[in-house]
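Q: If you scroll down you'll find the structure; I have some questions about it.
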Amino acid sequence: VRPKPVPTQCVGPDYRSESQKPTAAVSVDVEFDTVTVLPQTPQLIALLSIIRDKDTQRGDFIFYSNRIIRLLVEEGLNHLPTVEHTVTTPVGRPYDGLAFQGKICGVSIMRAGEAMEQGLRECCRSVRIGKILIQRDEETSRPRLFYDKLPEDIASRWVLLLDPMLATGGSAIMAVDVLKSRGVPEERILFLNVLASPEGIRNFATKFPNVRLVTAFVDQGLDDKNYIIPGLGDFGDRYYTR
Ligand code: URA
């Protein structure tokens, strides 16, 4: 697959004229209505620029990717159901608001997905978190399930699936198959992702037309080693080791 040309766009608030806004590479457009790409704001583009930079040190990589993860979690939670809920304020007046509905849990695809657990915990107090370990089988080169530990009542929860990088989609597709085999319907799975390739989006969204995917950015494509380009390198290595 030939890499898509990079769309560039003036980035900034609408009240500024085009000439007052800097130009930056923004996310490739996505044709699936189950996929939400975060608004390409100056904040997001600047945060992504830091974590994409090969010279960014581990401490900064962790700090700034945590900020992006927080944006993804907040957006992801908007896709969960709410019900009308009226409260009384301390001055005795009603406020017609909303309340969250339904139980949730997080499921991280190890190891890189574990980096997204804290962001979820910061937004959802005492959230249950499960884990799935998928690795490439050396003999077949296909993804293989090595380990999973999931809440026993997962079939009755909304599941926030966590993996920062969506390259070919092999691991994410296998993870959703595991969730479905435990009774979680596609409609109750929400995949949160920092950076995706167009191939990964296409493979995932075609296979699961009812799973929602929220990503911060869709990049140009994949290189011959299936790294996302321009990408940010190996997320797990940069977050956990370097
Ligand atoms: N996983 C990563 O960490 N980086 C990529 O570019 C692709 C998959």
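So you can find residues: chains in the structure tokens are A, B, ... in the order shown, residues in each start at 1, and ligands are numbered from 1 in order.
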Using only C-alpha atoms and all ligand atoms, what are the residues with an atom within 12 Å of ligand 1, set out as an MDAnalysis selection string?
A: chainID A and resid 52 109:113 115 135 163:172 193:197 199:200 218:240
Q: From segment 40-239 of chain A, collect each residue whose DSSP state is strand (DSSP E or B) and return the set as an MDAnalysis selection string.
A: chainID A and resid 82:88 94:100 104:110 128:136 143:149 158:162 165:166 189:196 212:218 221:222 228:229
Q: Could you write out the selected residues, including C-alpha atoms, as a PDB file, in the first residue's frame?
A:
```
ATOM      1  CA  THR A  82     -26.026   8.397  30.018  1.00  0.00           C
ATOM      2  CA  VAL A  83     -29.505   9.018  31.380  1.00  0.00           C
ATOM      3  CA  GLU A  84     -31.286  12.203  32.346  1.00  0.00           C
ATOM      4  CA  HIS A  85     -30.610  13.025  35.986  1.00  0.00           C
ATOM      5  CA  THR A  86     -31.741  16.059  37.968  1.00  0.00           C
ATOM      6  CA  VAL A  87     -29.842  17.173  41.056  1.00  0.00           C
ATOM      7  CA  THR A  88     -30.507  19.901  43.609  1.00  0.00           C
ATOM      8  CA  PRO A  94     -32.685  21.959  40.350  1.00  0.00           C
ATOM      9  CA  TYR A  95     -30.150  21.255  37.642  1.00  0.00           C
ATOM     10  CA  ASP A  96     -31.330  18.983  34.817  1.00  0.00           C
ATOM     11  CA  GLY A  97     -28.198  17.020  34.026  1.00  0.00           C
ATOM     12  CA  LEU A  98     -27.056  13.536  33.166  1.00  0.00           C
ATOM     13  CA  ALA A  99     -25.752  10.494  34.997  1.00  0.00           C
ATOM     14  CA  PHE A 100     -23.485   7.754  33.718  1.00  0.00           C
ATOM     15  CA  ILE A 104     -17.339  -0.331  32.508  1.00  0.00           C
ATOM     16  CA  CYS A 105     -13.940  -1.977  32.547  1.00  0.00           C
ATOM     17  CA  GLY A 106     -10.629  -1.403  30.805  1.00  0.00           C
ATOM     18  CA  VAL A 107      -8.729  -4.117  28.935  1.00  0.00           C
ATOM     19  CA  SER A 108      -5.140  -3.356  27.956  1.00  0.00           C
ATOM     20  CA  ILE A 109      -3.254  -5.146  25.215  1.00  0.00           C
ATOM     21  CA  MET A 110       0.123  -5.792  26.820  1.00  0.00           C
ATOM     22  CA  ARG A 128     -11.707  -2.825  36.866  1.00  0.00           C
ATOM     23  CA  ILE A 129      -8.864  -3.530  34.434  1.00  0.00           C
ATOM     24  CA  GLY A 130      -8.147  -6.743  32.555  1.00  0.00           C
ATOM     25  CA  LYS A 131      -5.204  -7.664  30.360  1.00  0.00           C
ATOM     26  CA  ILE A 132      -4.559  -9.531  27.138  1.00  0.00           C
ATOM     27  CA  LEU A 133      -1.118 -10.604  25.917  1.00  0.00           C
ATOM     28  CA  ILE A 134      -0.848 -11.256  22.194  1.00  0.00           C
ATOM     29  CA  GLN A 135       2.462 -11.923  20.479  1.00  0.00           C
ATOM     30  CA  ARG A 136       3.573 -12.906  17.053  1.00  0.00           C
ATOM     31  CA  PRO A 143      -0.617 -13.064  16.233  1.00  0.00           C
ATOM     32  CA  ARG A 144      -1.192 -15.599  19.004  1.00  0.00           C
ATOM     33  CA  LEU A 145      -2.999 -15.235  22.328  1.00  0.00           C
ATOM     34  CA  PHE A 146      -0.522 -15.965  25.138  1.00  0.00           C
ATOM     35  CA  TYR A 147      -2.414 -14.821  28.233  1.00  0.00           C
ATOM     36  CA  ASP A 148      -5.570 -13.092  29.353  1.00  0.00           C
ATOM     37  CA  LYS A 149      -7.021 -12.036  32.683  1.00  0.00           C
ATOM     38  CA  TRP A 158     -18.807  -1.805  28.548  1.00  0.00           C
ATOM     39  CA  VAL A 159     -15.198  -2.515  27.601  1.00  0.00           C
ATOM     40  CA  LEU A 160     -12.607   0.165  26.870  1.00  0.00           C
ATOM     41  CA  LEU A 161      -9.916  -1.653  24.911  1.00  0.00           C
ATOM     42  CA  LEU A 162      -6.529   0.040  25.243  1.00  0.00           C
ATOM     43  CA  MET A 165      -0.587   1.800  18.269  1.00  0.00           C
ATOM     44  CA  LEU A 166      -2.827   0.329  15.538  1.00  0.00           C
ATOM     45  CA  ILE A 189     -16.551  -2.382  22.930  1.00  0.00           C
ATOM     46  CA  LEU A 190     -14.728   0.929  22.521  1.00  0.00           C
ATOM     47  CA  PHE A 191     -11.156   0.827  21.264  1.00  0.00           C
ATOM     48  CA  LEU A 192      -8.943   3.739  22.407  1.00  0.00           C
ATOM     49  CA  ASN A 193      -5.826   4.321  20.315  1.00  0.00           C
ATOM     50  CA  VAL A 194      -3.164   7.049  20.042  1.00  0.00           C
ATOM     51  CA  LEU A 195      -1.864   6.508  16.510  1.00  0.00           C
ATOM     52  CA  ALA A 196      -3.300   4.388  13.690  1.00  0.00           C
ATOM     53  CA  ARG A 212     -16.274   2.071  18.066  1.00  0.00           C
ATOM     54  CA  LEU A 213     -12.707   3.247  17.640  1.00  0.00           C
ATOM     55  CA  VAL A 214     -11.393   6.546  19.010  1.00  0.00           C
ATOM     56  CA  THR A 215      -7.955   7.600  17.820  1.00  0.00           C
ATOM     57  CA  ALA A 216      -5.882  10.767  18.130  1.00  0.00           C
ATOM     58  CA  PHE A 217      -4.425  10.576  14.614  1.00  0.00           C
ATOM     59  CA  VAL A 218      -4.396   8.449  11.471  1.00  0.00           C
ATOM     60  CA  GLY A 221       0.875   4.165   6.321  1.00  0.00           C
ATOM     61  CA  LEU A 222       3.236   1.357   7.293  1.00  0.00           C
ATOM     62  CA  ILE A 228       3.589   3.258  11.400  1.00  0.00           C
ATOM     63  CA  ILE A 229       5.022   6.159   9.342  1.00  0.00           C
TER      64      ILE A 229
END
```
Q: To one decimal in Å, tell me the separation between atom CA of Val6 of chain A and atom CA of Ala25 of chain A.
A: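 Here the two named atoms are 6.1 Å from each other.
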Q: How many Å separate atom CA of Glu138 of chain A from atom CA of Val178 of chain A?
A: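 Pair atom CA of Glu138 of chain A / atom CA of Val178 of chain A returns 20.7 Å.
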Q: Choose the residue, out of A:Arg202, A:Arg70, A:Lys54, A:Arg125, that has the smallest atom-to-atom separation from Ile173 of chain A; count only C-alpha atoms.
A: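 Going through A:Arg202, A:Arg70, A:Lys54, A:Arg125 one by one, the smallest distance to Ile173 of chain A is for A:Arg202.
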Q: Between A:Arg16, A:Arg67, A:Lys180, A:Lys207, single out the one closest to Leu120 of chain A, counting only C-alpha atoms.
A: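 For Leu120 of chain A, the nearest of the given residues is A:Arg67.
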Q: Residues at most 9 Å from segment 55-57 of chain A, counting only C-alpha atoms, excluding those fewer than 4 positions away in the same chain, as a list of chain:residue names?
A: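 With the cut-off at 9 Å, the set is A:Ile50, A:Ile51, A:Phe61, A:Ile62, A:Arg238, A:Arg242.
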Q: Just asking: which residues within segment 61-183 of chain A are alpha helix (DSSP H) according to DSSP, as a PyMOL selection string?
A: chain A and resi 61-77+117-123+170-181
Q: State, in Å with one decimal place, the distance from atom CA of Pro5 of chain A to atom CA of Thr41 of chain A.
A: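 Atom CA of Pro5 of chain A sits 20.0 Å away from atom CA of Thr41 of chain A.
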Q: Using only C-alpha atoms, pick whichever of A:Ile45, A:Ala205, A:Leu72, A:Val35 has the shortest atom-to-atom distance to Thr8 of chain A.
A: A:Ile45
Q: Fewer than 4 positions away in the same chain doesn't count, so skip those; otherwise give me all residues within 12 Å of segment 19-24 of chain A, counting only C-alpha atoms, as JSON, numbers by chain.
A: {"A": [6, 7, 8, 9, 10, 11, 12, 13, 14, 15, 40, 41, 42, 43, 44, 45, 46, 48, 49]}
